[in-house]
Structure formats: C-alpha cells, structure tokens
Amino acid sequence: MGTLKKLYIFLFVIILGVLVLPQFNLQIGDTQIQYPNIDFSFVSPDSTLGNFRKSYGLYDSKLYTASVSIDTTLSAQEQENEFNHLIDVIQTRIEHANLYDVKVYGQKQDSQYFIKLEFPDYYQESEKLATHLVSKGQISFMNDPQITENAIIDLSDSDIVGPIKAVFNDTYGSSLEFKFDDSKLLQFYSALQNERGYFLMNVDASFFAVIQNPNYVYNTNLQTSVFAVPFADIKSSVNVAIYNNIVASYFLTEPLDTQILLTETTPLIVKRDFVQDKLSYIGLFMLGSVILIIGAYLIKKGMNKGFKFGLMLTSYIVLVVFFLKIQSAVLSVSTLLGFVLGLIVAIYIIYRLLEADDSDYKKELSNYTNLSIVLGLCLFTIFRLNQNIEILLDAVGVIIASIASIFILTLLNFRYILSMDFNINLKLRRK
Amino acid sequence: MRKIQRFLPALFILLVVIGAMLIYQNDLVKYSDFESSIKVELTGIADYEQIYASLSENPNLIEIDRVNNVVYYQKVGQSEIQTEVSSKLEEFSGVTAVYSQTYFSISKLEAFSKTWLSFVLIALVFLGSTYVLKTRFYRWSLKTYLVIYSVLTIIFAGTAVLLTGLISAVSLIYKVGYLELFSFYFTVFILALLVWQNLSDKTLEELKSDVLLKLNNQVFKLLQITLPIVVLLAFGLGPKIVIPVVIIIVSLVLIYLAYYAIFTTLQFLNLKPNISLPKVSLPSRKPKLVKPAKTKKAKKSNKSKNRKK
C-alpha cells in the first residue's frame with residue numbers, strides 16, 4: 001500500500017508537471033511535434049493547455065479611440081452629464097456581453113469628447129468588437145427584400161418579453177433566442193408568411209434571420225419564441241458568440257442617439273514598465289522563488305521534512321496551474337496577485353501540517369478540508385452572483401482554483417505524503 | 001504592560017473615531033482610480049526627472065507614468081493645472097504638454113459597493129454554514145447563536161470603520177485602485193470570518209490570549225514565509241505589484257491588534273457574559289472520590305508519628 005501511495009504521489013507530480021509545461025514546437029527531421037497537443041475543449045471551449053492568454057499589467061494591450069459628437073448647444077454641465085451617461089451605457093453593454101476584461105473610459109481634450117476602449121492582447125478582431133460596442137444599437141424587424149411575397153411586419157423590439165439569450169444550436173450555430181409577447185401572435189405569424197418562413201432583424205448594419213423556435217411543436221408556450229441567426233458576415237467571425245452577447249445587451253440598454261465613431265482604428269500598443277519576454281521571465285521567477293523557499297526549509301528542518309515540504313508544494317503548484325490552464329485563464333497582474341496569495345496560504349498550511357505532531361496532523365488536515373469547502377462555496381457565490389467585479393475576477397478565479405487544489409490535496413496527497421518517511425539518514429543507521 | 005492594556009479600549013475607540021473622521025473628511029478615499037482626473041502628456045527631449053520633481057510640488061499629483069511620460073492630477077480643475085504646469089515647463093525648453101480630462105466608467109461609490117456586496121455575500125454564506133455547524137455539532141441554541149454573532153457583527157463593523165479609515169489615510173498619499181481594495185477587504189473579511197468560524201467555548205481572557213498567541217505563532221510565521229516572496233516579487237516584477245501584498249500583511253497584523261483591543265474593550269465594559277458560551281455539562285459516569293475528613297484523633301496520631309521520627 002505504501003509503494004502504491006508513493007507511486008501515486010510521484011506520478012501525480014510528474015504527469016501534471018509535464019502537462020502544465022508551456023507550449024513548444026520540436027522539429028525532428030521532417031516531422032514537427034507540437035506540445036502540448038491535447039484537446040481539452042470538452043472542459044472549456046478555449047482550453048488548450050498551452051500558454052496563458054496575455055492580459056493587463058504584464059502585456060501590451062490594444063487601445064481604440066472613438067470620437068463623440070455631443071450637442072454643442074447644451075451647457076458644459078449638461079454635456080458632461082450626457083458624456084457620463086454614454087460611458088455608463090457602454091459599460092453596461094460590456095458587462096452584459098461578459099467582456100469583463102474590456103476597459104472603457106472617457107476623455108475630454110480641447111472641448112472634444114472621446115471614448116477609449118482598451119482590450120487585452122489575446123482578443124482576436126478586437127477592432128470589430130470595439131465598433132459593435134459603440135454602435136447605436138438600433139433594432140428593427142423587416143422583410144427580406146429578396147423574397148417577393150412581402151408581408152407587413154408589425155413587430156418591434158418593445159414586443160419582446162423575457163430574457164434574450166445567446167445560445168448555441170446544433171442546426172443554426174451561435175444565435176439569439178428570445179420570445180415575442182403572446183398578444184403579438186397574429187403579427188408574428190403574418191411576418192412568417194413567406195416561402196422561406198423567416199423575416200429579418202436589422203441591428204445597425206447587420207442582419208439576423210428570425211425563425212420560429214423549432215421546439216414550439218412540443219410546447220405551445222414557445223409559439224412566439226424565435227431563434228435569430230446571424231448572417232454569414234458575422235457567422236464566419238471568430239467572435240460570433242461575443243457579438244451575439246453584445247447584440248443581446250442592446251435590448252437591455254437604450255439606443256445611443258449620439259454619434260460615436262471609431263476614429264483610431266489602428267491599435268495603440270500601450271507601453272509597460274516591464275521586461276519584454278514576460279512569460280518565461282515570470283515563470284522562471286516563480287520557479288526560482290519556490291526553489292529558494294524549499295531550499296531554505298530543507299536546510300532548516302532536515303531531509304525528511306524538507307523533502308515532504310518540497311513534494312507537497314510542488315503538488316499544489318502543478319495542480320493549480322493545471323486547473324488554470326484547463327480553464328484557459330489569462331495572465332494579468334490580478335491573476336499573479338491571486339496566485340501569490342494562494343501560494344502564501346498553501347505554504348502556510350503545509351508549514352502548519354508539518355509542524356503538527358503525528359497525532360494532530362490528521363485533525364489539522366480535516367480542518368483545512370472543511371475550511372476549503374466553506375471558503376470555496378463563498379468565493380464561488382461571488383464568482384457567479386457578482387460577475388461585474390472587473391479585473392478582480394482573475395484574482396478570485398485563481399483563489400477558487402487554489403482552494404479547490406487545497407481541498408483535493410488535503411483529502412489525498414498531503415495525507416499520503418505526511419504518512420511517509422523520507423529520512424535517508426535514519427534508514428542508514430538502521431542498516 | 002497592564003497600563004498599556006488599560007489604555008487599549010480608549011485607544012481603540014479613539015482610532016475608530018479618527019477612522020470615521022478620515023472617511024468623512026476624504027469623502028471615503030481622497031485619490032482613487034474611480035474619479036475623474038487630469039491627464040498631462042509630456043513630449044520633447046529634456047531631463048524628465050527634474051520636471052517630475054518640479055511638478056510633484058502640487059499635492060494633487062496622484063501618479064507619474066515614467067514610461068509614457070504622463071502625469072495625472074485629481075481633485076483640481078483643468079484650467080488651474082494648465083496654468084501651473086505651463087508656467088513650470090517654461091524652465092524646460094522643448095517640452096510640450098497636452099491636457100485632457102479622463103472620466104471613468106465606474107464611480108468610487110460603485111467600486112466600494114461592489115466590493116462590499118461581494119463580501120456581504122461571503123458573510124451570508126459563512127453565517128449559514130456556521131449556524132449549521134454550531135447548532136448541529138456544538139448544540140448551540142438559536143438565541144445563543146444570535147447573541148454571540150450579533151456582538152461579533154458589531155465588533156466587526158467597528159473594525160471595518162477603523163480599517164477603512166486606514167485605507168482612507170493611505171489614499172492621501174497613494175491612489176487607491178481595485179486591486180488594493182480587494183487585497184484589503186479580502187484579508188479583513190476572510191480573517192474575520194475565520195475567527196467567527198473557530199469561535200468556541202472561551203472566555204474573553206482566553207480569547208485575548210488566543211489572539212496574542214495567534215499573532216505570535218501564526219502571523220509572524222506567515223510574515224517569515226511572505227517576506228522572501230514579497231522581496232523577490234519587488235525585485236522581479238517591480239514595486240507596484242507588491243503594494244497589494246503589503247496591504248494584506250499590514251491589514252493582517254492590524255486586524256489581530258484590533259481584535260485584541262476589542263476584546264479588552266468588552267472586558268473593560270464588563271460585557272464578559274455576552275460572549276462566553278454556556279458549557280455543555282455531560283453526566284459523569286464515575287462517582288467522584290471524596291476524601292474522608294481528617295478527625296482530631298487522626299491529626300494527633302500523625303503529629304506523634306512525626307515527633308517519633
């Protein structure tokens with residue numbers, strides 16, 4: 001049993017240690033090997049187990065500027081109020097579209113107003129997203145001009161009831177799902193009276209095909225429920241799901257009357273006061289500090305405890321990094337802060353466990369297991385109920401990963417490691 | 001030491017009052033990431049360190065971005081800053097400044113309310129879990145639970161005012177942002193909730209010695225662990241990243257001291273019965289052995305034995 005436990009501990013560290021290595025390519029002859037080449041998309045759509053995605057504080061970000069044409073006949077205070085209102089609307093759109101790491105702020109320069117949108121480096125086609133965020137958000141329903149059988153469409157966005165959800169459907173792909181008020185049943189069927197059985201939803205310059213929810217045959221409540229499927233120009237974009245979320249947010253905010261135009265379409269690279277190659281630098285720095293701490297403990301407490309300390313800490317680090325990578329976490333100052341906090345707490349717990357007597361450590365272990373359940377529950381509550389805490393979500397996410405790791409490790413790995421004997425000197429004496 | 005202890009309750013109340021005054025005076029925090037600020041972008045070739053030294057004379061300067069040569073001011077009008085900066089830049093030829101005002105999407109009030117909301121949610125989950133724990137495992141009645149946790153909530157509110165006052169004082173010299181707020185409240189709340197969770201059958205005196213013991217055994221050991229990481233982090237990634245970690249350490253020590261002061265205050269106000277828990281007396285299986293009382297005869301015989309010896 002002891003051998004099995006040892007095997008489990010070492011395999012745990014080695015396998016996870018290999019999995020959390022950064023992405024690299026190897027060329028052997030004509031064959032190119034890409035590491036890691038494991039598909040974990042069933043866990044999270046963006047999960048790659050490769051490198052972390054680059055985010056604020058440690059990497060350059062993209063800054064977009066949009067000029068705002070505020071009515072000049074208004075007084076200075078009224079102009080400022082109008083400007084603050086615009087920023088609020090865009091902020092609400094960002095929150096509803098789950099773009100929690102996109103920053104928005106306003107700037108007034110020589111009586112000209114600008115809205116600045118800052119995106120982390122990892123966003124693809126961020127310019128398009130910036131354009132959608134500052135768009136007017138005007139929604140209307142109309143016939144497809146290509147269809148000859150034109151019916152009168154008497155529907156507007158105010159006829160929609162209930163939530164507007166961005167969903168993924170096997171047949172239609174990423175689309176929006178919403179429901180018209182039942183009192184508009186006749187108008188709805190009238191709009192669908194054409195050979196193709198759909199009508200159009202016009203959102204600023206984009207179009208969606210509105211079709212009846214196919215599930216209405218099973219549930220009469222869904223008779224006026226629809227899927228709004230984006231046209232090819234949006235559907236082919238990598239950000240189709242995000243775009244649908246932004247459109248869903250248009251329903252929740254009033255249309256912007258003020259003209260906002262993206263003036264600087266070229267991304268501005270924001271300079272940071274850190275070294276250029278940050279990823280390997282941070283990785284090496286973290287590794288160096290952990291080795292230093294393990295070394296210091298080993299010198300102070302001897303071989304047996306030192307080895308246990310090293311093994312426990314390594315198990316913790318590989319498990320947390322594995323959790324982070326599988327959830328496709330971003331690497332930002334906030335993430336780093338969460339990781340350092342988690343690391344300090346983990347070192348403290350390991351230190352306390354190793355200091356406890358042989359009879360006490362099991363009690364301590366179950367204490368930490370129980371505490372991690374309660375703390376994990378608390379943080380998960382924040383994570384789910386208060387998602388608009390902006391960049392703090394990174395830190396909270398890392399701390400949740402740390403607590404989950406401590407829970408698993410106190411249940412299994414730490415228990416096994418503490419029951420083992422790694423004292424080489426003692427064994428030599430016995431011989 | 002006893003004299004210091006006697007002054008602790010008064011000192012605690014004084015600090016809470018000072019904290020409240022600072023919060024009122026600074027309108028929560030003075031300089032923050034969540035309020036409109038004046039941005040001055042400098043261009044041209046010059047000795048920028050000299051320029052920064054000259055501009056730093058204004059107390060409303062809140063941040064210098066040395067990489068992008070930008071200086072930020074808060075709580076001051078743009079025209080006032082424009083006049084002051086342009087007069088100072090006359091000494092440095094070839095340097096021009098572009099002035100703009102920055103508006104943030106999240107107001108100071110929103111930032112604080114969001115942070116507080118998060119932790120109120122934590123507190124609610126924690127209260128629920130402690131209620132189950134105490135009533136099921138420690139057999140507390142609902143009344144006992146309510147009395148103890150109400151006292152603790154009041155204590156906690158006092159500590160929160162004191163520590164928010166500290167953040168308010170920090171904001172006079174350092175701009176407070178999201179990460180700083182998070183670090184601060186994270187430590188304060190998590191530690192407070194851990195004290196709530198671990199509360200057991202102890203008197204105020206025992207609770208006080210427990211706090212001192214924890215301060216000595218846990219916090220200082222934690223400091224020993226944290227210090228190398230903080231120093232390495234400061235050298236490796238720059239001092240900015242260390243500030244939240246330093247705030248956590250300071251808050252950690254302060255909250256323990258605050259708890260000590262609070263328990264002393266309660267002791268001083270003679271509120272002891274409110275916090276000590278009723279002990280569950282279990283029926284003893286073995287009858288107590290009672291020594292027979294010594295009679296006069298027995299005493300005399302003992303004395304005579306001793307004399308013979």
# chains A, B, ... in the order shown; residues from 1 in each chain; ligands from 1

$ interface_residues --of "chain B" --to "chain A" --cutoff "6 Å" --atoms "only C-alpha atoms" --output "NGL selection string"
:B and (100-105 or 118 or 122 or 125)

$ residues_around --residues "Ile291 in chain A" --least-positions-apart "5" --cutoff "12 Å" --atoms "only C-alpha atoms" --output "list of chain:residue names"
A:Leu284, A:Phe285, A:Met286, A:Ala296, A:Tyr297, A:Leu298, A:Gly306, A:Phe307, A:Phe309, A:Gly310, A:Leu311, A:Leu313, A:Thr314, A:Ile317, B:Pro228, B:Ile229

$ atom_distance --atom1 "CA of Asn245 in chain A" --atom2 "CA of Ala166 in chain A"
5.8 Å

$ select_by_dssp --residues "range 159-322 of chain A" --states "strand (DSSP E or B)" --output "MDAnalysis selection string"
chainID A and resid 160:169 173:180 199:203 206:212 225:230 259:269

$ atom_distance --atom1 "CA of Asp233 in chain A" --atom2 "CA of Ala205 in chain A"
10.9 Å

$ residues_around --residues "range 41-43 of chain B" --least-positions-apart "5" --cutoff "12 Å" --atoms "only C-alpha atoms" --output "list in words"
Gln109 of chain A; Tyr48, Ile51, Tyr52, Leu55, Ile64, Asp65, Arg66, Val67, Asn68, Asn69, Val70, Val71, Tyr72, Tyr73, Gln82, Val85, Ser86, Leu89, Phe92, Ser93, Gly94, Val95, Thr96, Ala97, Val98, Tyr99, Ser100 and Gln101 of chain B

$ atom_distance --atom1 "CA of Gly177 in chain B" --atom2 "CA of Ile247 in chain B"
12.2 Å

$ residues_around --residues "range 359-367 of chain A" --least-positions-apart "5" --cutoff "9 Å" --atoms "only C-alpha atoms" --output "JSON, numbers by chain"
{"A": [352, 353, 354, 372, 410, 411, 414, 415, 418]}

$ residues_around --residues "range 401-403 of chain A" --least-positions-apart "5" --cutoff "7 Å" --atoms "only C-alpha atoms" --output "PyMOL selection string"
chain A and resi 320+323-324+342+372+376

$ write_last_selection --atoms "N, CA and C atoms" --output "mmCIF file, in the first residue's frame"
data_model
loop_
_atom_site.group_PDB
_atom_site.id
_atom_site.type_symbol
_atom_site.label_atom_id
_atom_site.label_comp_id
_atom_site.auth_asym_id
_atom_site.auth_seq_id
_atom_site.Cartn_x
_atom_site.Cartn_y
_atom_site.Cartn_z
ATOM 1 N N VAL A 320 -2.667 23.616 -9.275
ATOM 2 C CA VAL A 320 -3.280 24.939 -9.518
ATOM 3 C C VAL A 320 -3.061 25.373 -10.963
ATOM 4 N N PHE A 323 -5.293 23.469 -13.277
ATOM 5 C CA PHE A 323 -6.672 23.993 -13.232
ATOM 6 C C PHE A 323 -6.795 25.298 -14.021
ATOM 7 N N LEU A 324 -5.799 26.167 -13.851
ATOM 8 C CA LEU A 324 -5.840 27.466 -14.530
ATOM 9 C C LEU A 324 -5.765 27.296 -16.034
ATOM 10 N N GLY A 342 -2.593 32.697 -3.008
ATOM 11 C CA GLY A 342 -2.840 31.260 -2.864
ATOM 12 C C GLY A 342 -1.580 30.530 -2.445
ATOM 13 N N SER A 372 -11.776 24.613 3.365
ATOM 14 C CA SER A 372 -11.716 24.857 1.916
ATOM 15 C C SER A 372 -13.099 24.695 1.285
ATOM 16 N N GLY A 376 -14.502 27.849 -0.487
ATOM 17 C CA GLY A 376 -14.756 27.623 -1.909
ATOM 18 C C GLY A 376 -16.195 28.001 -2.262
#

$ residues_around --residues "range 253-264 of chain A" --least-positions-apart "5" --cutoff "12 Å" --atoms "only C-alpha atoms" --output "PyMOL selection string"
chain A and resi 62-72+79+82-83+85-97+113-117+127-140+157-158+203-204+246-248

$ write_last_selection --atoms "C-alpha atoms" --output "short mmCIF file (atom, residue, chain, number, x, y, z; two decimals), in the first residue's frame"
data_model
loop_
_atom_site.label_atom_id
_atom_site.label_comp_id
_atom_site.auth_asym_id
_atom_site.auth_seq_id
_atom_site.Cartn_x
_atom_site.Cartn_y
_atom_site.Cartn_z
CA LYS A 62 -4.94 47.44 -27.63
CA LEU A 63 -6.46 50.86 -27.24
CA TYR A 64 -9.22 52.14 -29.53
CA THR A 65 -10.41 55.74 -29.62
CA ALA A 66 -13.89 56.83 -30.69
CA SER A 67 -14.88 60.47 -31.11
CA VAL A 68 -18.19 61.54 -29.61
CA SER A 69 -20.34 64.28 -31.15
CA ILE A 70 -22.22 65.78 -28.23
CA ASP A 71 -24.79 68.51 -28.91
CA THR A 72 -22.82 71.76 -28.55
CA GLN A 79 -22.56 67.94 -21.97
CA GLU A 82 -24.55 63.28 -21.38
CA PHE A 83 -20.96 62.04 -21.79
CA HIS A 85 -24.35 58.61 -19.48
CA LEU A 86 -22.79 57.34 -22.73
CA ILE A 87 -19.89 55.78 -20.82
CA ASP A 88 -22.42 54.13 -18.48
CA VAL A 89 -24.37 52.64 -21.41
CA ILE A 90 -21.19 51.22 -22.97
CA GLN A 91 -20.07 49.87 -19.58
CA THR A 92 -23.48 48.14 -19.22
CA ARG A 93 -23.08 46.62 -22.69
CA ILE A 94 -19.62 45.36 -21.76
CA GLU A 95 -20.94 43.76 -18.57
CA HIS A 96 -23.92 42.09 -20.27
CA ALA A 97 -21.69 40.80 -23.05
CA TYR A 113 -15.05 64.20 -26.20
CA PHE A 114 -13.55 60.74 -26.83
CA ILE A 115 -14.38 57.24 -25.62
CA LYS A 116 -11.44 54.90 -25.13
CA LEU A 117 -11.80 51.13 -25.22
CA GLU A 127 -11.49 46.33 -33.61
CA LYS A 128 -14.82 44.83 -34.76
CA LEU A 129 -15.86 44.28 -31.17
CA ALA A 130 -14.97 47.89 -30.33
CA THR A 131 -17.12 49.08 -33.26
CA HIS A 132 -20.08 46.97 -32.08
CA LEU A 133 -19.75 48.24 -28.50
CA VAL A 134 -20.03 51.89 -29.55
CA SER A 135 -22.71 51.26 -32.19
CA LYS A 136 -26.12 52.89 -31.83
CA GLY A 137 -27.83 49.57 -31.11
CA GLN A 138 -30.97 50.31 -33.13
CA ILE A 139 -33.10 47.22 -33.69
CA SER A 140 -35.88 46.81 -36.22
CA ASP A 157 -38.07 45.26 -30.02
CA SER A 158 -40.53 46.52 -27.39
CA VAL A 203 -29.20 45.60 -35.93
CA ASP A 204 -27.38 48.74 -37.10
CA ILE A 246 -23.28 42.41 -27.46
CA VAL A 247 -26.48 42.43 -29.55
CA ALA A 248 -28.36 40.89 -26.60
#

$ residues_around --residues "range 211-219 of chain A" --least-positions-apart "4" --cutoff "9 Å" --atoms "only C-alpha atoms" --output "PDB file with all heavy atoms, in the first residue's frame"
ATOM      1  N   GLU A 177     -31.805  33.746 -28.785  1.00  0.00           N
ATOM      2  CA  GLU A 177     -33.125  33.160 -28.565  1.00  0.00           C
ATOM      3  C   GLU A 177     -33.942  34.141 -27.735  1.00  0.00           C
ATOM      4  O   GLU A 177     -33.476  34.604 -26.683  1.00  0.00           O
ATOM      5  CB  GLU A 177     -32.983  31.820 -27.821  1.00  0.00           C
ATOM      6  CG  GLU A 177     -34.297  31.084 -27.680  1.00  0.00           C
ATOM      7  CD  GLU A 177     -34.195  29.857 -26.777  1.00  0.00           C
ATOM      8  OE1 GLU A 177     -33.062  29.442 -26.433  1.00  0.00           O
ATOM      9  OE2 GLU A 177     -35.252  29.350 -26.396  1.00  0.00           O
ATOM     10  N   LEU A 192     -44.138  35.678 -40.687  1.00  0.00           N
ATOM     11  CA  LEU A 192     -43.508  34.443 -41.187  1.00  0.00           C
ATOM     12  C   LEU A 192     -44.155  33.926 -42.468  1.00  0.00           C
ATOM     13  O   LEU A 192     -43.681  32.934 -43.049  1.00  0.00           O
ATOM     14  CB  LEU A 192     -43.589  33.353 -40.114  1.00  0.00           C
ATOM     15  CG  LEU A 192     -42.714  33.523 -38.872  1.00  0.00           C
ATOM     16  CD1 LEU A 192     -43.057  32.481 -37.844  1.00  0.00           C
ATOM     17  CD2 LEU A 192     -41.243  33.426 -39.230  1.00  0.00           C
ATOM     18  N   GLY A 197     -40.120  31.211 -44.810  1.00  0.00           N
ATOM     19  CA  GLY A 197     -40.514  31.092 -43.405  1.00  0.00           C
ATOM     20  C   GLY A 197     -39.634  31.845 -42.427  1.00  0.00           C
ATOM     21  O   GLY A 197     -39.413  31.373 -41.314  1.00  0.00           O
ATOM     22  N   TYR A 198     -39.094  32.975 -42.825  1.00  0.00           N
ATOM     23  CA  TYR A 198     -38.316  33.798 -41.886  1.00  0.00           C
ATOM     24  C   TYR A 198     -38.463  35.275 -42.226  1.00  0.00           C
ATOM     25  O   TYR A 198     -38.880  35.620 -43.333  1.00  0.00           O
ATOM     26  CB  TYR A 198     -36.838  33.397 -41.862  1.00  0.00           C
ATOM     27  CG  TYR A 198     -36.008  33.822 -43.056  1.00  0.00           C
ATOM     28  CD1 TYR A 198     -35.453  35.105 -43.146  1.00  0.00           C
ATOM     29  CD2 TYR A 198     -35.781  32.934 -44.097  1.00  0.00           C
ATOM     30  CE1 TYR A 198     -34.699  35.483 -44.242  1.00  0.00           C
ATOM     31  CE2 TYR A 198     -35.021  33.313 -45.202  1.00  0.00           C
ATOM     32  CZ  TYR A 198     -34.490  34.587 -45.274  1.00  0.00           C
ATOM     33  OH  TYR A 198     -33.757  34.966 -46.352  1.00  0.00           O
ATOM     34  N   PHE A 199     -38.140  36.124 -41.289  1.00  0.00           N
ATOM     35  CA  PHE A 199     -38.045  37.561 -41.575  1.00  0.00           C
ATOM     36  C   PHE A 199     -36.722  38.068 -41.007  1.00  0.00           C
ATOM     37  O   PHE A 199     -35.974  37.295 -40.393  1.00  0.00           O
ATOM     38  CB  PHE A 199     -39.260  38.333 -41.044  1.00  0.00           C
ATOM     39  CG  PHE A 199     -39.529  38.168 -39.574  1.00  0.00           C
ATOM     40  CD1 PHE A 199     -39.022  39.066 -38.639  1.00  0.00           C
ATOM     41  CD2 PHE A 199     -40.319  37.120 -39.111  1.00  0.00           C
ATOM     42  CE1 PHE A 199     -39.293  38.916 -37.292  1.00  0.00           C
ATOM     43  CE2 PHE A 199     -40.591  36.971 -37.761  1.00  0.00           C
ATOM     44  CZ  PHE A 199     -40.071  37.865 -36.848  1.00  0.00           C
ATOM     45  N   LEU A 200     -36.418  39.328 -41.218  1.00  0.00           N
ATOM     46  CA  LEU A 200     -35.093  39.827 -40.830  1.00  0.00           C
ATOM     47  C   LEU A 200     -35.125  40.688 -39.576  1.00  0.00           C
ATOM     48  O   LEU A 200     -36.092  41.406 -39.323  1.00  0.00           O
ATOM     49  CB  LEU A 200     -34.491  40.667 -41.957  1.00  0.00           C
ATOM     50  CG  LEU A 200     -34.154  39.973 -43.267  1.00  0.00           C
ATOM     51  CD1 LEU A 200     -33.486  40.967 -44.221  1.00  0.00           C
ATOM     52  CD2 LEU A 200     -33.239  38.783 -43.051  1.00  0.00           C
ATOM     53  N   GLN A 223     -44.669  29.223 -29.039  1.00  0.00           N
ATOM     54  CA  GLN A 223     -45.176  29.575 -30.377  1.00  0.00           C
ATOM     55  C   GLN A 223     -44.578  30.881 -30.890  1.00  0.00           C
ATOM     56  O   GLN A 223     -44.309  31.022 -32.078  1.00  0.00           O
ATOM     57  CB  GLN A 223     -46.700  29.673 -30.342  1.00  0.00           C
ATOM     58  CG  GLN A 223     -47.363  28.358 -30.703  1.00  0.00           C
ATOM     59  CD  GLN A 223     -48.837  28.533 -30.928  1.00  0.00           C
ATOM     60  OE1 GLN A 223     -49.485  29.279 -30.197  1.00  0.00           O
ATOM     61  NE2 GLN A 223     -49.373  27.863 -31.926  1.00  0.00           N
ATOM     62  N   THR A 224     -44.403  31.835 -30.003  1.00  0.00           N
ATOM     63  CA  THR A 224     -43.834  33.125 -30.432  1.00  0.00           C
ATOM     64  C   THR A 224     -42.353  33.240 -30.099  1.00  0.00           C
ATOM     65  O   THR A 224     -41.764  34.320 -30.154  1.00  0.00           O
ATOM     66  CB  THR A 224     -44.597  34.294 -29.769  1.00  0.00           C
ATOM     67  OG1 THR A 224     -44.628  34.051 -28.373  1.00  0.00           O
ATOM     68  CG2 THR A 224     -45.991  34.461 -30.315  1.00  0.00           C
ATOM     69  N   SER A 225     -41.750  32.102 -29.706  1.00  0.00           N
ATOM     70  CA  SER A 225     -40.310  32.090 -29.395  1.00  0.00           C
ATOM     71  C   SER A 225     -39.514  31.949 -30.700  1.00  0.00           C
ATOM     72  O   SER A 225     -39.943  31.228 -31.605  1.00  0.00           O
ATOM     73  CB  SER A 225     -40.021  30.936 -28.451  1.00  0.00           C
ATOM     74  OG  SER A 225     -38.647  30.768 -28.318  1.00  0.00           O
ATOM     75  N   VAL A 226     -38.379  32.638 -30.794  1.00  0.00           N
ATOM     76  CA  VAL A 226     -37.613  32.619 -32.058  1.00  0.00           C
ATOM     77  C   VAL A 226     -36.120  32.390 -31.845  1.00  0.00           C
ATOM     78  O   VAL A 226     -35.597  32.590 -30.748  1.00  0.00           O
ATOM     79  CB  VAL A 226     -37.782  33.957 -32.829  1.00  0.00           C
ATOM     80  CG1 VAL A 226     -39.191  34.166 -33.273  1.00  0.00           C
ATOM     81  CG2 VAL A 226     -37.264  35.124 -32.025  1.00  0.00           C
ATOM     82  N   PHE A 227     -35.489  31.970 -32.926  1.00  0.00           N
ATOM     83  CA  PHE A 227     -34.026  31.977 -32.998  1.00  0.00           C
ATOM     84  C   PHE A 227     -33.652  33.056 -34.002  1.00  0.00           C
ATOM     85  O   PHE A 227     -34.190  33.078 -35.112  1.00  0.00           O
ATOM     86  CB  PHE A 227     -33.486  30.642 -33.516  1.00  0.00           C
ATOM     87  CG  PHE A 227     -33.442  29.546 -32.491  1.00  0.00           C
ATOM     88  CD1 PHE A 227     -33.912  28.273 -32.791  1.00  0.00           C
ATOM     89  CD2 PHE A 227     -32.922  29.773 -31.221  1.00  0.00           C
ATOM     90  CE1 PHE A 227     -33.873  27.262 -31.862  1.00  0.00           C
ATOM     91  CE2 PHE A 227     -32.874  28.761 -30.281  1.00  0.00           C
ATOM     92  CZ  PHE A 227     -33.359  27.501 -30.592  1.00  0.00           C
ATOM     93  N   ALA A 228     -32.743  33.960 -33.612  1.00  0.00           N
ATOM     94  CA  ALA A 228     -32.237  34.957 -34.561  1.00  0.00           C
ATOM     95  C   ALA A 228     -30.841  34.525 -34.955  1.00  0.00           C
ATOM     96  O   ALA A 228     -29.912  34.540 -34.130  1.00  0.00           O
ATOM     97  CB  ALA A 228     -32.228  36.332 -33.916  1.00  0.00           C
ATOM     98  N   VAL A 229     -30.714  34.074 -36.207  1.00  0.00           N
ATOM     99  CA  VAL A 229     -29.437  33.510 -36.659  1.00  0.00           C
ATOM    100  C   VAL A 229     -28.675  34.558 -37.471  1.00  0.00           C
ATOM    101  O   VAL A 229     -29.204  35.092 -38.455  1.00  0.00           O
ATOM    102  CB  VAL A 229     -29.683  32.249 -37.537  1.00  0.00           C
ATOM    103  CG1 VAL A 229     -28.376  31.558 -37.874  1.00  0.00           C
ATOM    104  CG2 VAL A 229     -30.629  31.292 -36.837  1.00  0.00           C
TER     105      VAL A 229
END
